[in-house]
Amino acid sequence: MRERFWERYSLDEMTDEEWEVLCDGCGQCCLLKLEEEDTGQVAVLNVACELLDIASCQCSDYANRFAKVPGCTKLTPGMVGQLQWLPHSCAYRRVHEGRKLAAWHPLLSGDAQRMHRKGVSVRSFAIPQQQVPEEELEDHIIAILPID
């Protein structure tokens, strides 16, 4: 991996390995979202995808996630600027917007647990999808994002 690649290269210029390690591992992109069909407004839930291991904030079957969860979004460099639901803390979003990584990011801190201790990850509040009946999903909205 190239030294401090996130400061020297655009998302498009990163290698696959660099792209993967840039993820801060917060799990926020794995929270379920509901989109209002008429307006396009997106609501973020405190309900985690069925594959998210909430304790580690890692996908339990990363290699097969698209086959197992048809609605799973494949995040690409070209999509980062279009996904309003990516949190402002997201390393991909920060690099895309020309901002520095947060001090708690594992690439800077050398500590993958620091983000959890800072409360950035979903570890402290996410609920497994298996525990929430579909008809109760709207009861779990934690944010409604503004329409661009």
# chains A, B, ... in the order shown; residues from 1 in each chain; ligands from 1
call {"tool": "residues_around", "arguments": {"residues": "region 73-77 of chain A", "least_positions_apart": "5", "cutoff": "10 Å", "atoms": "only C-alpha atoms", "output": "list in words"}}
result
Ser10, Leu11, Asp12, Glu13, Met14, Trp19, Cys29, Cys30, Arg65, Phe66, Gln82, Leu83, Tyr92, Arg93 and His96 of chain A
call {"tool": "write_last_selection", "arguments": {"atoms": "N, CA and C atoms", "output": "compact mmCIF listing (two decimals), in the first residue's frame"}}
result
# COMPACT_ATOMS: atom_id res chain seq x y z
N SER A 10 -7.00 10.29 -5.51
CA SER A 10 -8.46 10.35 -5.48
C SER A 10 -9.00 8.94 -5.26
N LEU A 11 -10.27 8.84 -4.95
CA LEU A 11 -10.88 7.53 -4.77
C LEU A 11 -10.71 6.67 -6.01
N ASP A 12 -10.83 7.27 -7.18
CA ASP A 12 -10.68 6.54 -8.45
C ASP A 12 -9.27 6.00 -8.65
N GLU A 13 -8.29 6.64 -8.06
CA GLU A 13 -6.89 6.25 -8.25
C GLU A 13 -6.41 5.20 -7.24
N MET A 14 -7.23 4.87 -6.28
CA MET A 14 -6.83 3.91 -5.26
C MET A 14 -6.87 2.48 -5.79
N TRP A 19 -8.74 0.92 -1.29
CA TRP A 19 -10.17 1.20 -1.18
C TRP A 19 -10.76 0.47 0.03
N CYS A 29 -23.20 2.44 6.97
CA CYS A 29 -23.76 2.21 5.63
C CYS A 29 -24.59 0.92 5.60
N CYS A 30 -24.46 0.08 6.64
CA CYS A 30 -25.20 -1.17 6.71
C CYS A 30 -26.51 -1.05 7.49
N ARG A 65 -22.15 -11.09 -0.04
CA ARG A 65 -23.19 -10.18 0.43
C ARG A 65 -24.22 -9.81 -0.64
N PHE A 66 -23.81 -9.66 -1.87
CA PHE A 66 -24.75 -9.25 -2.92
C PHE A 66 -25.71 -10.39 -3.29
N GLN A 82 -22.93 10.66 -4.70
CA GLN A 82 -24.36 10.58 -4.99
C GLN A 82 -25.18 10.02 -3.83
N LEU A 83 -24.54 9.40 -2.87
CA LEU A 83 -25.26 8.73 -1.79
C LEU A 83 -25.40 9.66 -0.58
N TYR A 92 -14.81 7.51 3.02
CA TYR A 92 -14.98 7.67 1.58
C TYR A 92 -15.54 9.06 1.26
N ARG A 93 -16.55 9.46 2.02
CA ARG A 93 -17.16 10.77 1.80
C ARG A 93 -16.15 11.89 2.10
N HIS A 96 -13.64 12.10 -0.72
CA HIS A 96 -14.34 12.63 -1.90
C HIS A 96 -14.52 14.15 -1.80
call {"tool": "residues_around", "arguments": {"residues": "Glu3 (chain A)", "least_positions_apart": "6", "cutoff": "12 Å", "atoms": "only C-alpha atoms", "output": "list in words"}}
result
Tyr9, Met14, Glu18, Leu107 and Leu108 of chain A
call {"tool": "write_last_selection", "arguments": {"atoms": "N, CA and C atoms", "output": "PDB file, in the first residue's frame"}}
result
ATOM      1  N   TYR A   9      -4.126  10.512  -3.372  1.00  0.00           N
ATOM      2  CA  TYR A   9      -4.827   9.977  -4.534  1.00  0.00           C
ATOM      3  C   TYR A   9      -6.334  10.154  -4.383  1.00  0.00           C
ATOM      4  N   MET A  14      -7.232   4.869  -6.285  1.00  0.00           N
ATOM      5  CA  MET A  14      -6.831   3.907  -5.264  1.00  0.00           C
ATOM      6  C   MET A  14      -6.874   2.484  -5.786  1.00  0.00           C
ATOM      7  N   GLU A  18      -6.340  -0.500  -1.153  1.00  0.00           N
ATOM      8  CA  GLU A  18      -6.446   0.810  -0.517  1.00  0.00           C
ATOM      9  C   GLU A  18      -7.907   1.190  -0.293  1.00  0.00           C
ATOM     10  N   LEU A 107      -6.600   4.143  10.154  1.00  0.00           N
ATOM     11  CA  LEU A 107      -5.370   4.420   9.405  1.00  0.00           C
ATOM     12  C   LEU A 107      -4.508   5.478  10.086  1.00  0.00           C
ATOM     13  N   LEU A 108      -5.123   6.354  10.855  1.00  0.00           N
ATOM     14  CA  LEU A 108      -4.366   7.394  11.566  1.00  0.00           C
ATOM     15  C   LEU A 108      -4.062   6.995  13.000  1.00  0.00           C
TER      16      LEU A 108
END
call {"tool": "closest_residue", "arguments": {"among": "A:Leu145, A:Ala126, A:Val21, A:Gly81", "to": "Ala48 (chain A)", "atoms": "only C-alpha atoms"}}
result
A:Ala126
call {"tool": "select_by_dssp", "arguments": {"residues": "chain A", "states": "helix (DSSP H, G or I)", "output": "JSON, numbers by chain"}}
result
{"A": [5, 6, 7, 8, 11, 12, 13, 16, 17, 18, 19, 20, 21, 22, 28, 29, 30, 62, 63, 64, 65, 66, 67, 68, 80, 81, 82, 91, 92, 93, 94, 95, 96, 106, 107, 108, 109, 114, 115, 116, 117, 122, 123, 124, 129, 130, 131, 134, 135, 136, 137, 138, 139, 140]}
call {"tool": "select_by_dssp", "arguments": {"residues": "chain A", "states": "strand (DSSP E or B)", "output": "ChimeraX atom specification"}}
result
/A:31-35,42-48,52-53,58-59,127-128,141-144
call {"tool": "atom_distance", "arguments": {"atom1": "CA of Leu31 (chain A)", "atom2": "CA of Val44 (chain A)"}}
result
6.8 Å
call {"tool": "closest_residue", "arguments": {"among": "A:Gly110, A:Gly98, A:Pro146, A:Pro133", "to": "Arg8 (chain A)", "atoms": "only C-alpha atoms"}}
result
A:Gly98
call {"tool": "atom_distance", "arguments": {"atom1": "CA of Val132 (chain A)", "atom2": "CA of Ala91 (chain A)"}}
result
29.1 Å
call {"tool": "closest_residue", "arguments": {"among": "A:Ile144, A:Ile127, A:Ala63, A:Pro70", "to": "Asn46 (chain A)", "atoms": "only C-alpha atoms"}}
result
A:Ile127
call {"tool": "atom_distance", "arguments": {"atom1": "CA of Glu7 (chain A)", "atom2": "CA of Arg99 (chain A)"}}
result
9.1 Å
call {"tool": "closest_residue", "arguments": {"among": "A:Leu32, A:Val95, A:Val120, A:Cys57", "to": "Val69 (chain A)", "atoms": "only C-alpha atoms"}}
result
A:Leu32
call {"tool": "closest_residue", "arguments": {"among": "A:Gln84, A:Thr15, A:Pro106, A:Arg123", "to": "Gln41 (chain A)", "atoms": "only C-alpha atoms"}}
result
A:Gln84
call {"tool": "closest_residue", "arguments": {"among": "A:Leu86, A:Cys26, A:Ala143, A:Leu137", "to": "Ala55 (chain A)", "atoms": "only C-alpha atoms"}}
result
A:Cys26
